[in-house]
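A.B. asks: You'll find my_file10.cif just under this line, and it carries mmCIF, C-alpha atoms.
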```
data_start
#
loop_
_atom_site.label_atom_id
_atom_site.label_comp_id
_atom_site.auth_asym_id
_atom_site.auth_seq_id
_atom_site.Cartn_x
_atom_site.Cartn_y
_atom_site.Cartn_z
CA MET X 662 86.63 46.55 55.94
CA SER X 663 89.88 47.32 57.64
CA VAL X 664 90.35 50.72 59.14
CA GLY X 665 94.05 50.65 58.46
CA ALA X 666 97.07 48.47 58.82
CA GLY X 667 98.55 48.39 62.25
CA TYR X 668 95.30 49.02 64.08
CA SER X 669 93.55 46.30 65.92
CA VAL X 670 90.12 47.86 65.91
CA SER X 671 87.77 47.80 62.95
CA VAL X 672 84.16 48.47 62.17
CA GLU X 673 83.63 44.70 61.89
CA ASP X 674 85.14 44.20 65.32
CA LEU X 675 82.65 46.61 66.78
CA LEU X 676 79.74 45.09 64.93
CA GLU X 677 80.70 41.66 66.21
CA LYS X 678 81.22 42.92 69.72
CA LEU X 679 78.03 44.91 69.98
CA ARG X 680 75.80 42.55 68.01
CA LEU X 681 73.61 45.49 67.24
CA HIS X 682 70.42 45.13 65.31
CA TYR X 683 70.07 47.93 62.86
CA ASN X 684 69.11 48.80 59.35
CA VAL X 685 71.43 51.72 58.84
CA ALA X 686 74.45 52.51 60.95
CA SER X 687 77.31 54.91 60.94
CA PHE X 688 80.70 54.73 62.51
CA PHE X 689 83.28 57.41 62.89
CA ARG X 690 87.02 57.16 62.90
CA VAL X 691 89.20 59.93 64.24
CA ASP X 692 92.93 60.03 63.48
CA LEU X 693 95.08 62.48 65.36
CA ALA X 694 98.40 63.21 63.68
CA ASP X 695 101.35 65.16 64.99
CA GLY X 696 103.20 67.91 63.15
CA GLY X 697 105.18 65.36 61.19
CA GLY X 698 102.04 63.68 59.91
CA GLU X 699 102.55 60.66 62.13
CA THR X 700 99.30 59.23 63.47
CA VAL X 701 99.47 59.15 67.24
CA LYS X 702 95.93 58.20 68.11
CA THR X 703 93.01 56.53 66.38
CA LEU X 704 89.50 56.18 67.61
CA VAL X 705 86.79 54.07 65.97
CA LYS X 706 83.33 54.09 67.46
CA PRO X 707 79.71 53.69 66.49
CA SER X 708 78.22 57.02 65.67
CA ASN X 709 75.65 57.80 68.28
CA SER X 710 72.98 59.90 66.72
CA PHE X 711 71.10 60.02 63.52
CA LEU X 712 69.05 63.11 64.22
CA LEU X 713 65.44 63.81 63.41
CA SER X 714 66.69 65.70 60.37
CA PHE X 715 68.12 62.51 58.86
CA MET X 716 64.68 60.95 58.94
CA ASP X 717 63.20 64.17 57.58
CA MET X 718 65.56 63.83 54.64
CA LEU X 719 64.48 60.24 54.00
CA TYR X 720 60.84 61.32 54.17
CA SER X 721 61.48 64.04 51.62
CA LEU X 722 63.24 61.62 49.27
CA PHE X 723 60.61 58.89 49.66
CA THR X 724 57.69 61.23 48.98
CA ALA X 725 59.32 63.55 46.43
CA LYS X 726 58.22 66.55 48.48
CA LEU X 727 59.77 69.62 49.98
CA TYR X 728 59.80 68.76 53.67
CA MET X 729 61.49 70.56 56.55
CA ASP X 730 63.85 72.34 54.12
CA PHE X 731 64.84 69.06 52.49
CA ALA X 732 64.26 68.46 48.80
CA TYR X 733 66.16 66.90 45.97
CA SER X 734 66.22 69.04 42.87
CA TRP X 735 68.65 70.90 40.69
CA LEU X 736 69.29 74.52 39.88
CA ARG X 737 70.94 76.32 36.99
CA ARG X 738 72.84 79.24 38.32
CA THR X 739 74.77 81.96 36.52
CA GLU X 740 77.45 83.69 38.54
CA SER X 741 79.91 86.41 37.69
CA PHE X 742 82.95 87.77 39.42
CA THR X 743 85.49 90.49 38.72
CA ILE X 744 89.20 90.02 39.15
CA GLU X 745 91.61 92.83 38.30
CA GLY X 746 88.96 94.61 36.28
CA ARG X 747 87.99 91.64 34.20
CA THR X 748 84.51 90.22 34.69
CA THR X 749 83.89 86.59 34.07
CA SER X 750 80.59 84.80 34.24
CA TYR X 751 79.67 81.17 33.97
CA THR X 752 76.63 78.99 34.27
CA ARG X 753 76.62 75.83 36.26
CA ASP X 754 74.15 73.14 37.20
CA ILE X 755 74.03 72.06 40.80
CA ALA X 756 71.95 69.39 42.45
CA GLY X 757 71.64 67.21 45.46
CA ILE X 758 71.77 67.19 49.20
CA GLN X 759 75.50 67.52 49.25
CA ALA X 760 77.72 66.06 51.95
CA TRP X 761 80.95 67.04 50.22
CA ALA X 762 82.49 70.46 50.75
CA LEU X 763 85.28 72.56 49.36
CA LYS X 764 88.41 73.46 51.29
CA GLU X 765 87.81 76.09 53.94
CA ASP X 766 84.04 75.76 53.61
CA ASP X 767 82.85 75.07 57.13
CA SER X 768 79.15 75.43 56.35
CA HIS X 769 78.62 71.72 55.77
CA GLY X 770 80.37 68.39 55.32
CA ILE X 771 82.07 66.94 58.36
CA ILE X 772 82.39 69.56 61.06
CA VAL X 773 83.87 69.50 64.55
CA GLY X 774 83.26 71.42 67.72
CA THR X 775 84.02 71.89 71.37
CA GLY X 776 80.54 71.38 72.82
CA THR X 777 79.85 68.64 75.30
CA ALA X 778 76.05 68.60 75.58
CA PRO X 779 74.68 65.11 74.90
CA PRO X 780 73.05 64.74 71.48
CA THR X 781 69.29 64.96 71.26
CA ALA X 782 66.98 64.12 68.37
CA TYR X 783 66.19 67.79 67.84
CA ASP X 784 69.77 69.02 67.54
CA THR X 785 70.10 71.27 64.53
CA TRP X 786 73.79 72.10 64.75
CA LEU X 787 76.87 71.53 66.83
CA GLU X 788 76.81 73.16 70.22
CA SER X 789 80.03 75.09 69.59
CA GLN X 790 81.54 74.69 66.14
CA VAL X 791 85.24 75.13 65.44
CA ARG X 792 85.22 77.49 62.50
CA ASN X 793 87.63 77.48 59.59
CA GLY X 794 90.68 79.67 59.95
CA THR X 795 93.99 80.20 61.68
CA GLY X 796 92.75 82.40 64.48
CA ALA X 797 92.39 81.38 68.08
CA GLY X 798 90.10 78.38 68.41
CA GLN X 799 89.96 77.82 64.65
CA MET X 800 91.20 75.01 62.43
CA LEU X 801 91.81 74.92 58.71
CA HIS X 802 89.21 72.76 56.99
CA MET X 803 90.43 70.60 54.14
CA SER X 804 88.01 69.38 51.49
CA CYS X 805 85.32 66.96 52.57
CA ASP X 806 85.18 63.99 50.23
CA ILE X 807 82.80 61.12 49.63
CA LEU X 808 84.81 58.01 48.96
CA THR X 809 83.85 55.17 46.66
CA ARG X 810 81.23 52.77 47.90
CA ARG X 811 82.33 49.32 49.04
CA VAL X 812 80.42 46.07 49.08
CA VAL X 813 82.01 43.46 51.31
CA ALA X 814 80.18 40.23 52.14
CA ASP X 815 76.79 41.28 53.53
CA MET X 816 77.68 44.93 54.04
CA SER X 817 77.54 47.98 51.78
CA SER X 818 79.06 51.26 52.86
CA PHE X 819 80.68 54.50 51.88
CA ASP X 820 82.92 56.94 53.71
CA VAL X 821 82.81 60.69 54.11
CA LYS X 822 86.20 62.04 55.11
CA ARG X 823 87.72 65.37 56.07
CA SER X 824 90.92 66.63 57.69
CA PHE X 825 91.36 69.61 59.97
CA VAL X 826 94.69 71.33 60.63
CA ASN X 827 95.30 73.31 63.76
CA ALA X 828 97.41 76.34 62.85
CA SER X 829 95.87 78.56 65.48
CA GLY X 830 98.92 78.82 67.71
CA GLY X 831 97.28 76.98 70.61
CA ALA X 832 95.73 73.67 71.47
CA ILE X 833 92.08 73.04 70.65
CA ARG X 834 90.02 70.51 72.54
CA VAL X 835 87.61 68.77 70.15
CA SER X 836 84.66 67.04 71.75
CA GLU X 837 81.92 66.88 69.15
CA LEU X 838 81.65 65.76 65.55
CA GLY X 839 78.92 66.13 63.01
CA LEU X 840 77.91 65.47 59.44
CA ALA X 841 76.00 68.29 57.77
CA VAL X 842 74.64 68.58 54.25
CA HIS X 843 73.90 71.45 51.91
CA VAL X 844 70.43 71.26 50.40
CA VAL X 845 70.80 72.85 46.98
CA ARG X 846 67.09 73.47 46.47
CA THR X 847 66.57 75.45 49.67
CA GLY X 848 70.09 76.70 50.26
CA ARG X 849 69.95 75.40 53.82
CA ASN X 850 72.66 73.52 55.67
CA LYS X 851 71.29 70.71 57.80
CA LEU X 852 72.98 68.59 60.44
CA LEU X 853 72.21 64.88 60.01
CA ILE X 854 74.48 63.26 62.59
CA ARG X 855 76.00 64.59 65.80
CA ASP X 856 78.39 62.77 68.12
CA VAL X 857 79.96 63.78 71.38
CA ILE X 858 83.30 62.13 72.07
CA ASP X 859 85.83 62.06 74.86
CA PRO X 860 87.69 65.37 74.56
CA LEU X 861 90.61 65.16 72.21
CA ASP X 862 93.34 67.78 72.44
CA VAL X 863 94.74 68.87 69.10
CA PRO X 864 98.01 70.76 69.73
CA ASP X 865 99.11 73.55 67.45
CA GLY X 866 100.56 72.13 64.25
CA TRP X 867 98.72 68.84 64.59
CA SER X 868 95.88 67.61 62.45
CA LEU X 869 92.69 65.69 62.87
CA THR X 870 91.08 63.45 60.25
CA VAL X 871 87.48 62.41 60.72
CA THR X 872 85.88 59.65 58.66
CA TYR X 873 82.20 58.77 58.84
CA THR X 874 81.28 55.35 57.50
CA ILE X 875 77.62 54.96 56.62
CA LEU X 876 76.56 51.40 56.04
CA VAL X 877 73.80 48.88 55.73
CA LYS X 878 74.36 45.30 56.79
CA LEU X 879 72.12 42.30 56.59
CA MET K 367 71.88 53.92 64.26
CA ILE K 368 68.58 53.23 62.56
CA LYS K 369 66.74 50.07 63.45
CA GLY K 370 63.89 48.55 61.51
CA TYR K 371 60.90 46.46 62.46
CA LEU K 372 58.43 44.65 60.27
CA LYS K 373 54.92 44.22 61.63
CA LEU K 374 52.46 41.96 59.84
CA ALA K 375 48.79 41.79 60.80
CA LEU K 376 46.48 39.35 59.01
CA TYR K 377 42.71 39.91 59.04
CA ASP K 378 39.98 37.67 57.68
CA ARG K 379 37.23 38.83 55.33
CA ASP K 380 35.20 40.05 58.30
CA GLY K 381 38.02 42.12 59.71
CA ARG K 382 38.90 39.78 62.56
CA LEU K 383 42.55 39.64 63.47
CA LEU K 384 43.89 36.19 62.64
CA GLU K 385 47.57 36.67 63.26
CA GLU K 386 49.96 39.39 64.21
CA ARG K 387 53.69 39.28 64.38
CA VAL K 388 56.68 41.58 64.61
CA GLN K 389 60.16 40.76 63.48
CA GLU K 390 63.27 42.82 63.34
CA MET K 391 64.13 44.06 59.92
CA ARG K 392 67.66 44.38 58.67
CA SER K 393 66.98 44.40 55.03
CA LEU K 394 68.05 47.67 53.48
CA LEU K 395 70.13 46.78 50.47
CA ASP K 396 73.09 48.00 48.48
CA ASN K 397 70.69 49.93 46.24
CA PHE K 398 69.73 52.05 49.26
CA ILE K 399 73.35 52.96 49.92
CA VAL K 400 73.81 53.80 46.23
CA LEU K 401 70.80 56.09 46.43
CA LEU K 402 72.16 57.81 49.53
CA GLU K 403 75.61 58.13 47.97
CA SER K 404 74.13 59.66 44.85
CA VAL K 405 72.08 62.18 46.82
CA PHE K 406 75.07 63.17 48.94
CA LYS K 407 77.27 63.62 45.88
CA GLY K 408 74.72 65.51 43.83
CA VAL K 409 76.26 67.35 40.95
CA ASP K 410 78.15 70.57 40.38
CA THR K 411 79.27 71.16 36.83
CA ARG K 412 82.16 73.32 37.96
CA PHE K 413 83.98 70.12 38.72
CA PRO K 414 84.62 66.87 36.91
CA PRO K 415 81.71 64.57 37.66
CA PRO K 416 82.43 62.01 40.37
CA GLU K 417 82.23 58.34 39.64
CA PRO K 418 78.51 57.84 39.01
CA PRO K 419 76.92 55.37 41.39
CA LYS K 420 74.54 52.94 39.77
CA VAL K 421 71.65 50.97 41.17
CA THR K 422 70.59 47.58 39.88
CA LEU K 423 67.14 47.40 38.32
CA PRO K 424 64.88 44.38 38.82
CA ASP K 425 65.94 43.01 35.45
CA GLY K 426 69.58 43.08 36.54
CA THR K 427 70.74 46.00 34.44
CA LEU K 428 72.69 48.85 35.99
CA TYR K 429 71.08 52.25 36.02
CA GLN K 430 72.72 55.55 36.83
CA ILE K 431 70.48 57.75 38.93
CA PRO K 432 70.15 60.97 36.93
CA ARG K 433 71.23 64.12 38.69
CA THR K 434 69.04 66.51 36.76
CA LEU K 435 65.41 65.76 36.10
CA LEU K 436 62.62 67.95 34.83
CA THR K 437 63.17 71.68 35.07
CA PRO K 438 65.41 73.50 37.54
CA GLY K 439 63.86 73.80 40.97
CA THR K 440 61.40 70.95 40.55
CA VAL K 441 61.43 68.72 43.58
CA VAL K 442 62.00 65.10 42.67
CA GLY K 443 62.62 61.97 44.67
CA TRP K 444 62.37 58.23 44.84
CA ARG K 445 58.82 57.63 45.92
CA VAL K 446 57.70 54.90 48.24
CA ASP K 447 54.23 56.37 48.84
CA ALA K 448 52.53 54.47 46.04
CA GLU K 449 48.89 55.11 45.29
CA ALA K 450 46.49 52.17 45.27
CA GLY K 451 47.18 49.67 42.54
CA GLU K 452 43.81 50.27 40.90
CA ILE K 453 44.41 54.01 40.68
CA LEU K 454 47.83 53.49 39.18
CA TYR K 455 46.41 50.96 36.73
CA LEU K 456 43.66 53.31 35.61
CA ARG K 457 46.20 56.05 35.08
CA GLY K 458 48.32 53.73 33.00
CA GLU K 459 51.20 53.81 35.45
CA PRO K 460 53.27 50.90 36.73
CA THR K 461 51.85 49.21 39.82
CA ASP K 462 54.93 47.30 40.95
CA TRP K 463 56.28 49.75 43.51
CA GLY K 464 55.80 50.81 47.11
CA VAL K 465 55.59 47.93 49.57
CA ILE K 466 55.34 44.68 47.60
CA VAL K 467 54.94 41.10 48.82
CA GLY K 468 56.10 37.85 47.27
CA SER K 469 56.09 34.11 47.75
CA ASP K 470 59.78 33.18 47.78
CA ASP K 471 61.82 33.23 50.97
CA SER K 472 65.25 32.70 49.46
CA PRO K 473 67.89 34.19 51.73
CA ASN K 474 68.92 37.78 51.25
CA THR K 475 72.23 39.04 50.06
CA ILE K 476 73.25 42.68 50.26
CA THR K 477 73.11 42.98 46.47
CA VAL K 478 69.63 41.54 45.96
CA TYR K 479 67.80 43.71 43.44
CA ARG K 480 64.37 42.12 43.09
CA LEU K 481 61.77 40.13 44.92
CA TYR K 482 62.19 36.53 43.81
CA ALA K 483 58.49 35.87 43.27
CA PRO K 484 56.46 39.05 43.66
CA TYR K 485 52.69 39.06 43.52
CA PRO K 486 51.69 41.54 40.81
CA HIS K 487 48.71 43.80 41.38
CA GLY K 488 45.45 42.09 40.49
CA LYS K 489 42.59 40.04 41.84
CA GLY K 490 43.01 36.49 40.64
CA VAL K 491 45.18 33.62 41.79
CA GLY K 492 48.81 34.70 41.78
CA TYR K 493 47.92 38.35 42.31
CA MET K 494 47.35 40.68 45.24
CA ASN K 495 45.24 43.80 45.37
CA TYR K 496 47.51 46.55 46.70
CA LEU K 497 46.03 49.56 48.45
CA SER K 498 48.05 52.74 48.87
CA THR K 499 51.39 52.88 50.66
CA THR K 500 51.52 55.58 53.31
CA ILE K 501 54.46 57.11 55.15
CA THR K 502 54.12 59.03 58.38
CA PRO K 503 56.26 62.13 58.72
CA PRO K 504 59.09 61.41 61.16
CA TYR K 505 58.30 62.17 64.77
CA PHE K 506 59.98 61.93 68.16
CA ASP K 507 58.08 59.56 70.41
CA GLY K 508 59.86 60.59 73.57
CA ALA K 509 62.67 58.10 73.18
CA ASN K 510 63.37 57.66 69.48
CA VAL K 511 62.65 59.18 66.11
CA ARG K 512 60.19 57.07 64.14
CA MET K 513 58.82 56.78 60.65
CA ASP K 514 56.20 54.21 59.61
CA ILE K 515 55.60 52.86 56.10
CA THR K 516 52.30 51.00 55.81
CA ARG K 517 50.38 49.17 53.10
CA LEU K 518 47.28 47.01 53.03
CA VAL K 519 47.42 44.00 50.74
CA LEU K 520 44.25 42.07 49.85
CA ASN K 521 43.98 38.52 48.62
CA GLU K 522 40.87 38.77 46.47
CA SER K 523 41.31 35.38 44.87
CA ASP K 524 39.37 32.31 45.92
CA SER K 525 42.53 30.49 46.95
CA THR K 526 44.90 30.69 49.89
CA GLN K 527 48.09 32.52 48.93
CA VAL K 528 51.32 32.47 50.86
CA VAL K 529 53.55 35.47 51.59
CA ARG K 530 57.19 34.75 52.30
CA GLU K 531 58.95 37.98 51.36
CA VAL K 532 58.34 41.71 51.68
CA GLY K 533 60.11 44.39 49.68
CA VAL K 534 60.22 48.14 49.26
CA MET K 535 60.43 49.31 45.68
CA VAL K 536 60.99 53.01 44.99
CA ARG K 537 59.82 54.80 41.86
CA GLU K 538 61.94 57.59 40.56
CA TYR K 539 59.96 60.74 40.05
CA TYR K 540 59.33 61.58 36.41
CA THR K 541 61.28 58.69 34.86
CA TRP K 542 59.17 56.06 36.69
CA GLN K 543 62.28 53.91 36.95
CA ARG K 544 61.82 51.44 39.80
CA PHE K 545 64.37 49.69 41.96
CA LEU K 546 64.37 47.66 45.16
CA ILE K 547 65.90 49.23 48.27
CA ALA K 548 64.79 46.70 50.91
CA ARG K 549 63.78 43.08 51.05
CA GLU K 550 62.92 40.90 54.01
CA ALA K 551 62.50 37.14 53.88
CA LEU K 552 59.94 36.26 56.53
CA ALA K 553 60.97 34.07 59.43
CA SER K 554 57.93 31.92 58.69
CA PRO K 555 55.38 32.24 55.89
CA ILE K 556 51.99 33.85 56.24
CA SER K 557 49.07 32.05 54.61
CA MET K 558 46.41 34.45 53.43
CA PRO K 559 42.98 32.83 53.15
CA PRO K 560 40.66 33.94 50.34
CA ARG K 561 39.46 37.54 50.80
CA SER K 562 41.83 38.17 53.68
CA MET K 563 43.85 41.32 54.22
CA LEU K 564 47.47 41.75 55.28
CA GLN K 565 48.63 44.98 56.86
CA VAL K 566 52.35 45.46 56.39
CA THR K 567 54.02 48.10 58.55
CA ILE K 568 57.72 48.89 58.33
CA THR K 569 58.94 51.05 61.18
CA LEU K 570 62.28 52.79 60.97
CA VAL K 571 63.60 54.00 64.31
CA ALA K 572 66.53 56.37 64.67
CA VAL K 573 68.06 55.92 68.06
CA PRO K 574 69.71 58.95 69.62
CA ALA K 575 72.54 58.66 72.10
CA PRO K 576 73.00 57.00 74.42
CA PHE K 577 72.15 53.86 72.56
CA THR K 578 69.53 51.58 73.88
CA VAL K 579 71.36 48.51 72.76
CA ILE K 580 68.96 45.70 72.01
CA TYR K 581 70.67 42.41 71.57
CA VAL K 582 69.44 39.99 68.98
CA SER K 583 69.14 37.26 71.57
CA ASP K 584 66.50 39.30 73.36
CA PHE K 585 64.34 39.27 70.30
CA ALA K 586 64.85 35.56 69.87
CA VAL K 587 62.82 35.00 73.03
CA GLY K 588 60.27 37.58 72.05
CA GLY K 589 61.21 40.18 74.62
CA GLU K 590 62.40 43.71 74.35
CA THR K 591 64.35 43.79 77.57
CA ALA K 592 66.99 46.21 76.52
CA THR K 593 70.47 46.64 77.77
CA ARG K 594 71.17 50.31 78.01
CA SER K 595 74.68 51.06 77.11
CA ILE K 596 76.67 54.09 76.15
CA VAL K 597 78.98 53.26 73.32
#
```
Please lay out the structure from this file as structure tokens.
C.D. replies:
Amino acid sequence: MSVGAGYSVSVEDLLEKLRLHYNVASFFRVDLADGGGETVKTLVKPSNSFLLSFMDMLYSLFTAKLYMDFAYSWLRRTESFTIEGRTTSYTRDIAGIQAWALKEDDSHGIIVGTGTAPPTAYDTWLESQVRNGTGAGQMLHMSCDILTRRVVADMSSFDVKRSFVNASGGAIRVSELGLAVHVVRTGRNKLLIRDVIDPLDVPDGWSLTVTYTILVKL
Amino acid sequence: MIKGYLKLALYDRDGRLLEERVQEMRSLLDNFIVLLESVFKGVDTRFPPPEPPKVTLPDGTLYQIPRTLLTPGTVVGWRVDAEAGEILYLRGEPTDWGVIVGSDDSPNTITVYRLYAPYPHGKGVGYMNYLSTTITPPYFDGANVRMDITRLVLNESDSTQVVREVGVMVREYYTWQRFLIAREALASPISMPPRSMLQVTITLVAVPAPFTVIYVSDFAVGGETATRSIV
């Protein structure tokens, strides 16, 4: 799995180099792009921490129980809203422990922050999250997408990807990343993975794209 | 990073430990990633449905994990915590799920979807008597986050039977659809004498930062001398 033409580093390179023994692993890739959209820096590293909550989620799935706010089920929800005096309602079905997120929704999906405290198993959120917006210290959150699964040789993986645009008027120093999910059944947002990275300055007008690769490999 | 270990303990009919071994386990399969992908995608009918991920059933057919089961709000899942085979049998439910053992050690591929020669639940030659599969709630042991999956398997036949593979088969809540999410071919076979019992324990360990990097070569000599490294 190449991480992009022109880059010498790949997830496979790291796997080969580290010779890690694992069942499940995640890697993150961070692309920093300037105001013209040109990528000026790329970082690919093993993701450091599956938190206790990730295992809680697996326990919930493997026992079909509500456990620590995790549960897989679906809801039928009717919502209505009024625009210019006209009320519209619709019914939708929602399900899952969702890792995708809509634009400008910073409650889950891939999130970033400025905290530097080392990850611990009990972390429940980023230390200091960069919220969505254009105010000081904020970045615009694009949609968080789950990309199509890949099976290559003895590895199976999928990516979760999101871009952040700094339109705050000043530089923002990003030093932590995380992957959070929205548990439909309980309405809770839970952090599954948290990583602290070398601080990365994102100047005003620049953007940051974070990709988490979750994989199993024989 | 989540590491896995497979511990096998063989006891004779009197409960004496005959053999115990631990091997690293790196056997979660493509079906597991499909399951995770499906859970993470979920469903929201406001939007066009995403490409539906499909697992492969033991008979080789593709199966789309349904997003909506039972009534709204009902908690569902993909159970590993199988009851004892006899209880399942008496209830008229399938017994071929949870931790299952087999007799074929063909090498793994990432897309394996079945044990090659599973022992069905039973008491005669060619069968194993499966007790319940238990899962411990995840806990932090001071260094790592752990979760143990355990099952006792009895050879109640009058012949020696050989175990060469171990698998984890999940059963979808409500539909009872089963599929394999992990398979491990044993480094060397285990011969189970008549009336002996095999305790199979799969330990999943989530390692928080900084990594304690354990190189494969360390395990090859039976040690756990770890190289601590921040990556």
A.B. asks: Can you check which residues of chain X have any atom within 6 Å of chain K? Use all atoms listed in the file and format it as a ChimeraX atom specification.
C.D. replies: /X:683-686,709-711,722-725,732-736,753-760,782,815,817,879
A.B. asks: Just so the selection is clear, what residues does the PyMOL selection byres ((chain X and resi 804) around 9) cover here, as a list in words?
C.D. replies: Trp761, Ala762, Leu763, Lys764, Glu765, Asp766, Gly770, His802, Met803, Cys805, Asp806, Lys822, Arg823 and Ser824 of chain X
A.B. asks: Which residues are near Gly698 (chain X)? Cut-off 8 Å, all atoms listed in the file, ignore same chain within fewer than 3 positions. Put them as number ranges by chain.
C.D. replies: X: 694-695, 867-868
A.B. asks: Smallest atom-to-atom distance to Gly490 (chain K): which of K:Arg387, K:Arg530, K:Arg457, K:Arg561, using only C-alpha atoms?
C.D. replies: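 Among K:Arg387, K:Arg530, K:Arg457, K:Arg561, it is K:Arg561 that comes nearest to Gly490 (chain K).
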A.B. asks: Calculate how many Å separate CA of Gly468 (chain K) from CA of Asp717 (chain X), rounding to one decimal.
C.D. replies: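 Result for CA of Gly468 (chain K) versus CA of Asp717 (chain X): 29.1 Å, one decimal.
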A.B. asks: Which is closest to Gln565 (chain K) among K:Glu531, K:Glu452, K:Glu385, K:Asp507, if we use all atoms listed in the file?
C.D. replies: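 Of all the options, K:Glu385 lies closest to Gln565 (chain K).
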A.B. asks: Just to confirm, what's the straight-line distance from CA of Gln543 (chain K) to CA of His843 (chain X) in Å (one decimal)?
C.D. replies: 25.8 Å
A.B. asks: Just so the selection is clear, what residues does the PyMOL selection byres ((chain X and resi 833) around 8) cover here, as JSON, numbers by chain?
C.D. replies: {"X": [798, 799, 827, 831, 832, 834, 835, 862, 863, 864, 865]}
